[in-house]
Each structure stands twice: as structure tokens, then as C-alpha cells.
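For reference, the structure discussed in these notes is given below.
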Amino acid sequence: MLIAGPTAPAQAVTYGTPTIALSASYLSGAVGATGDPVVNVTVGQSGADASALTVSASASSKASVAGTGDVTVTGAGAVRQLAVTARGRGYTNLTVKVAGLGGKSATKTLYYAASAAVQNPADARYLTGSADASAAVDVGGGYAVVADDESNVLRLYDRSRSGAPVKTWDFSSQLGVSKEVDIEGATRIGNTIYWTGSLGNNKDGEYKAPRNTVFTTPVSGSGSGTQLAYGRSYKKLRDDLVAWDQANGNRYGFAAGTADGEAPKQIDGFNVEGLEFAPGSTTTAYLGFRAPLAPAVPGGKALLVPVTNFDQVLASGAKAVFGAGVELDLGGLAVRDIRKNAAGQYLILAGSWAADDNSDPYALYQWDGVAGHAPVKRADLPTTDPGGWEAIAEVPDLTAAGARVQLVTDSGSADLYGDGTEAKDLTHPEWKKARAAWFTLNP
């Protein structure tokens with residue numbers, strides 16, 4: 001008969017200190033927003049399965065902006081998703097806690113900022129990482145490459161969602177510049193995107209060479225798989241425009257508008273903000289001017305100048321050749337963007353020439369791209385929201401009932417969070433954001 005010996009005592013489990021990491025330490029939301037960005041919370045603990053850990057968050061400063069009950073944590077396992085519903089405008093700190101086994105825990109601070117409610121919040125999306133959006137080009141699959149007039153970084157965004165860019169590119173070194181090009185206009189032909197700087201002086205009336213730049217970026221892939229490369233650049237388009245205008249009797253006052261000390265955003269200034277090719281052409285491109293406007297342009301009309309060899313200007317550095325200026329009645333407004341669709345239907349985003357114009361009117365006009373043909377207003381745009389309307393993401397079929405277009409703001413000078421700080425001066429990129437919003441066009 002065998003007698004079993006004593007059973008060895010069970011070994012006590014020793015749990016380590018839990019770990020917690022946030023995919024971003026700074027998060028921006030908006031009051032009433034749909035689909036605000038989320039933060040991934042990655043947790044772990046030695047000796048424990050991650051699914052056994054509990055993640056929670058509590059307000060540690062201003063609960064009127066977002067409190068404990070405004071934070072939602074979803075998911076299981078090592079990575080959870082944390083979302084915040086903004087209660088009010090301003091800043092608050094949230095303490096994110098992981099409770100592990102053995103009575104151990106760890107915390108991280110999430111710094112949260114909420115901007116004010118906007119009109120039709122369900123149609124708004126927030127493109128974070130930059131506040132100074134200035135041009136947008138559709139690349140398929142609901143994605144767009146968006147430029148910034150305060151840097152040379154191009155950002156790829158999912159237009160259906162709020163959040164950070166999927167990819168970024170900075171071609172400053174290839175362009176040979178260390179300051180911003182002040183990118184204001186862009187368009188795409190085939191697999192090439194054309195970009196233009198404002199070509200004007202800076203706000204203090206000083207000439208800055210990088211602003212006199214147009215360049216190309218070849219495109220491969222589409223949607224989230226989009227890739228950009230550097231193509232070619234040309235840095236004398238402003239000079240060519242001034243010489244052309246002088247040779248034609250200074251009709252538009254380009255020499256005066258580009259003189260030392262002349263600010264670009266005045267009624268007789270010099271500032272390009274739109275770029276699009278002429279109907280059926282891959283060679284002639286329209287430059288759309290924010291300034292000058294009347295009295296430099298008779299009748300208070302907006303101005304487009306055709307560059308008839310724009311493709312060769314970029315392909316071989318050929319001196320620009322110009323056609324007659326196209327003058328459009330936009331109700332006293334100037335061109336802030338111009339874009340066409342595959343059917344050759346043009347949409348013009350019209351706004352003030354002024355530098356501080358957030359309270360001035362904006363409107364959308366349909367046009368057929370033919371000089372001498374009048375544009376038709378399709379919508380007035382709200383002016384009470386922060387930021388100025390600056391870019392057209394994509395032109396829909398303008399003959400379709402209920403056609404909707406997505407526009408993007410330049411919110412760089414907006415006080416998003418109520419503390420008097422302009423968005424472009426915010427310390428943390430995650431708190432900088434431009435707004436993309438959908439608008440239905442009138443019949």
C-alpha cells in the first residue's frame with residue numbers, strides 16, 4: 001500500500017505594478033460634436049491577463065468642461081478606447097486610471113480642450129494637428145491632402161472622421177526653403193497635384209521669397225494608401241505676373257500691390273488663393289485672386305488670371321504666359337478657392353479680401369469656367385463660427401438635387417477654447433484643428 005506524501009502548498013501570485021500609456025496626452029473635442037477623436041489606452045500588468053484590468057477616468061480640474069460622467073471607455077484586453085463628450089468650452093485635466101490585480105494601480109493625465117458648439121454639428125468634422133488649413137485636394141476613398149499656410153507640411157485626412165492626419169509630408173528641403181511657402185491654392189491633373197504659394201508679401205508688407213513658389217507633387221495610390229513625392233518647382237511666377245500687368249497698362253495694379261510695405265490682404269493688394277485648370281485643358285490654369293478687387297478691378301469684380309502654359313512652367317521652368325484676365329461678379333467678394341469636378345462644373349468659394357474677415361460674408365458660386373459667362377450663387381455660408389472658409393474638398397455633381405459640398409476652415413486666428421489664444425499659437429498640435437463641414441447647395 002502506497003501512502004501519498006504531503007501536497008506542496010500553492011505558490012502565491014506576485015503581481016507587478018500596472019502600466020498605462022496614452023496614444024496622445026492632449027485631446028481636443030467640441031461641444032455637441034459627432035465622432036470626436038478618441039485616445040487609445042494601453043494597459044498591462046505582469047502576472048495578470050490584461051482583460052482583467054479595469055480602466056476608468058475622472059475629472060481632476062474643471063468638470064464644467066468634461067466631468068467623470070462624460071468619459072466613456074470601451075474595449076477589452078491590452079488596448080481600450082477612451083472618448084470624451086464635451087460639456088462646455090475650455091480646458092480640463094482628466095485622470096485616467098488602470099486598476100490591476102493585487103490592489104495595485106497606475107494613472108496618467110489626459111489634457112483635454114473643448115471648443116464651442118457650431119451650427120449643424122452633425123455635419124462638422126475636425127482635422128487636428130494644424131489650424132491653418134488653406135487648400136485641399138481629393139485623393140479618392142473619402143480622403144484629401146490638406147495644406148497649411150503657416151508651414152509646408154501636407155497632411156492626409158479621412159474626411160469622414162475627426163482626428164489626426166493619416167500621413168504627413170514636408171518637402172521644404174526639396175523646395176530649398178526654410179520658411180513657409182504660404183500655400184493657398186492647389187489642384188490635381190491626372191497623377192500630379194499643383195500647389196501655389198500666395199505670391200504676395202507677408203502681413204507686414206515684406207517680400208519673402210518662399211511665398212513666390214509653385215510646385216508639384218506626383219501622386220501614387222489613393223485613399224489611405226496615398227503617397228506623395230516631390231516633383232518640380234518654379235519661383236518666378238509673381239515676377240512674371242507683375243511684368244505682364246505692366247506691359248498691359250497696369251490694369252490690375254500688380255506692381256503697386258507687391259511694392260515694399262504693401263500688405264497683401266487689402267482691396268488693392270496682391271494675394272493668390274485659388275488654382276484650377278480651365279475647361280478641358282491640361283495646360284491653362286486659372287490663378288484666383290483674393291486681392292486685388294475694386295477699385296483696381298473695375299466694378300468690384302473678382303479676378304482670375306489664366307496661365308496658358310502652366311504645365312510647362314512646372315515641367316521645364318518656362319516663363320509664364322498669360323491670357324486676358326477673367327473678371328467675375330461675386331457680389332463684391334473675392335476668390336478664396338476654385339475647384340471643378342470631372343464633368344467640368346466649377347464651384348467658387350467667395351469671401352472677403354480683408355485680413356480679419358471672419359464676420360464678413362462668404363458664399364458659393366457655380367460657374368462653367370468660360371470667360372464672359374456669369375457665375376450663379378448656390379449658397380450663403382455662415383460667418384458666426386470660428387475660422388474663415390478657405391478650401392473646397394471636392395465638387396459634387398452640381399445638377400443633383402440636394403448636392404452637398406465639404407468645405408474646410410482656416411481657424412488659425414480663432415480663439416477656439418475661450419482663453420484668448422489664437423489656434424495657430426497653441427502649444428500642443430493635438431489642440432490645433434481646422435473644421436470641415438458639409439453644406440447643401442441651393443437649387
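Labels for the C-alpha cells follow display order: chains A, B, ..., residues from 1 in each chain, ligands from 1.
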
Practice item. Within 6 Å of stretch 267-271 of chain A, counting only C-alpha atoms, which residues show up once you throw out same-chain ones fewer than 2 positions away? Write them as a PyMOL selection string, please. Key: chain A and resi 198+200+257+264-265+289-293+296

Can you spit out the residues from that selection as a PDB file, in the first residue's frame, using C-alpha atoms?
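result26.pdb was written with the following content:
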```pdb
ATOM      1  CA  SER A 198       0.122  83.213 -52.118  1.00  0.00           C
ATOM      2  CA  GLY A 200       2.212  88.093 -52.049  1.00  0.00           C
ATOM      3  CA  GLY A 257       0.302  95.689 -54.792  1.00  0.00           C
ATOM      4  CA  PRO A 264      -1.347  91.545 -49.333  1.00  0.00           C
ATOM      5  CA  LYS A 265      -4.856  91.410 -47.883  1.00  0.00           C
ATOM      6  CA  PHE A 289      -7.003  86.316 -56.539  1.00  0.00           C
ATOM      7  CA  ARG A 290      -8.130  87.252 -53.062  1.00  0.00           C
ATOM      8  CA  ALA A 291      -6.729  90.669 -53.869  1.00  0.00           C
ATOM      9  CA  PRO A 292      -6.835  92.941 -55.790  1.00  0.00           C
ATOM     10  CA  LEU A 293     -10.508  93.766 -56.010  1.00  0.00           C
ATOM     11  CA  ALA A 296      -8.208  98.062 -59.051  1.00  0.00           C
TER      12      ALA A 296
END
```

Check your understanding: Could you name the residues that touch A:Thr72 at 9 Å or less, counting only C-alpha atoms, but leaving out those on the same chain fewer than 4 positions away, as a list in words?
Key -> Ser56, Ala57, Thr68, Gln81, Leu82, Ala83, Val84 and Thr85 of chain A

Practice item. Using only C-alpha atoms, determine which residues lie at most 12 Å from stretch 398-400 of chain A, disregarding the query and same-chain residues fewer than 4 positions distant; provide the list as a VMD selection string. Key: chain A and resid 340 to 347 364 to 368 376 to 378 394 404 to 405 440 to 443

**Study point:** Selection: 6 Å around A:Asp410, only C-alpha atoms, excl. self and same-chain fewer than 2 positions, as a count of residues only
**Key:** 6

Point to revise | Backbone-only DSSP, strand (DSSP E) members of stretch 197-382 of chain A, as a count of residues only | key: 60

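For stretch 40-51 of chain A, the set of protein, DNA and RNA residues having any atom at most 6 Å away, when counting only C-alpha atoms and skipping those fewer than 4 positions along the same chain, is Tyr15, Gly16, Pro18, Thr19, Ile20, Ala21, Leu22, Ser23, Ala76, Gly77, Ala78, Val79, Arg80 and Gln81 of chain A.
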
**Study point:** Given only C-alpha atoms as the counted atoms, nearest of A:Gly140, A:Gly176, A:Gly35, A:Gly67 to A:Ala124
**Key:** A:Gly35

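The nearest approach to A:Thr427 among the residues A:Ser130, A:Ser178, A:Ser61, A:Ala403, with only C-alpha atoms taken into account, belongs to A:Ser130.
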
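Between A:Thr283 and the candidates A:Ala363, A:Leu381, A:Val214, A:Ile189, the tightest atom-to-atom separation, counting only C-alpha atoms, involves A:Ile189.
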
Exercise for review: Find, counting only C-alpha atoms, the residue in A:Tyr252, A:Tyr194, A:Tyr157, A:Trp353 that gets nearest to A:Val305.
Suggested key: A:Tyr252

Check your understanding: If we count only C-alpha atoms, what is near A:Pro429 at a cut-off of 10 Å, once residues fewer than 5 positions away on the same chain are taken out, given as a count of residues only?
Key -> 10

Check your understanding: Neighbours of A:Ala255 within 9 Å (only C-alpha atoms; same-chain residues fewer than 6 positions away dropped), as a list of chain:residue names?
Key -> A:Leu241, A:Val242, A:Ala243, A:Asp245, A:Gln246, A:Phe270

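You will find atom CA of A:Val65 at 18.6 Å from atom CA of A:Pro386.
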
**Study point:** DSSP helix (DSSP H, G or I) residues within stretch 225-287 of chain A, as a PyMOL selection string
**Key:** chain A and resi 225+237-247+254-257
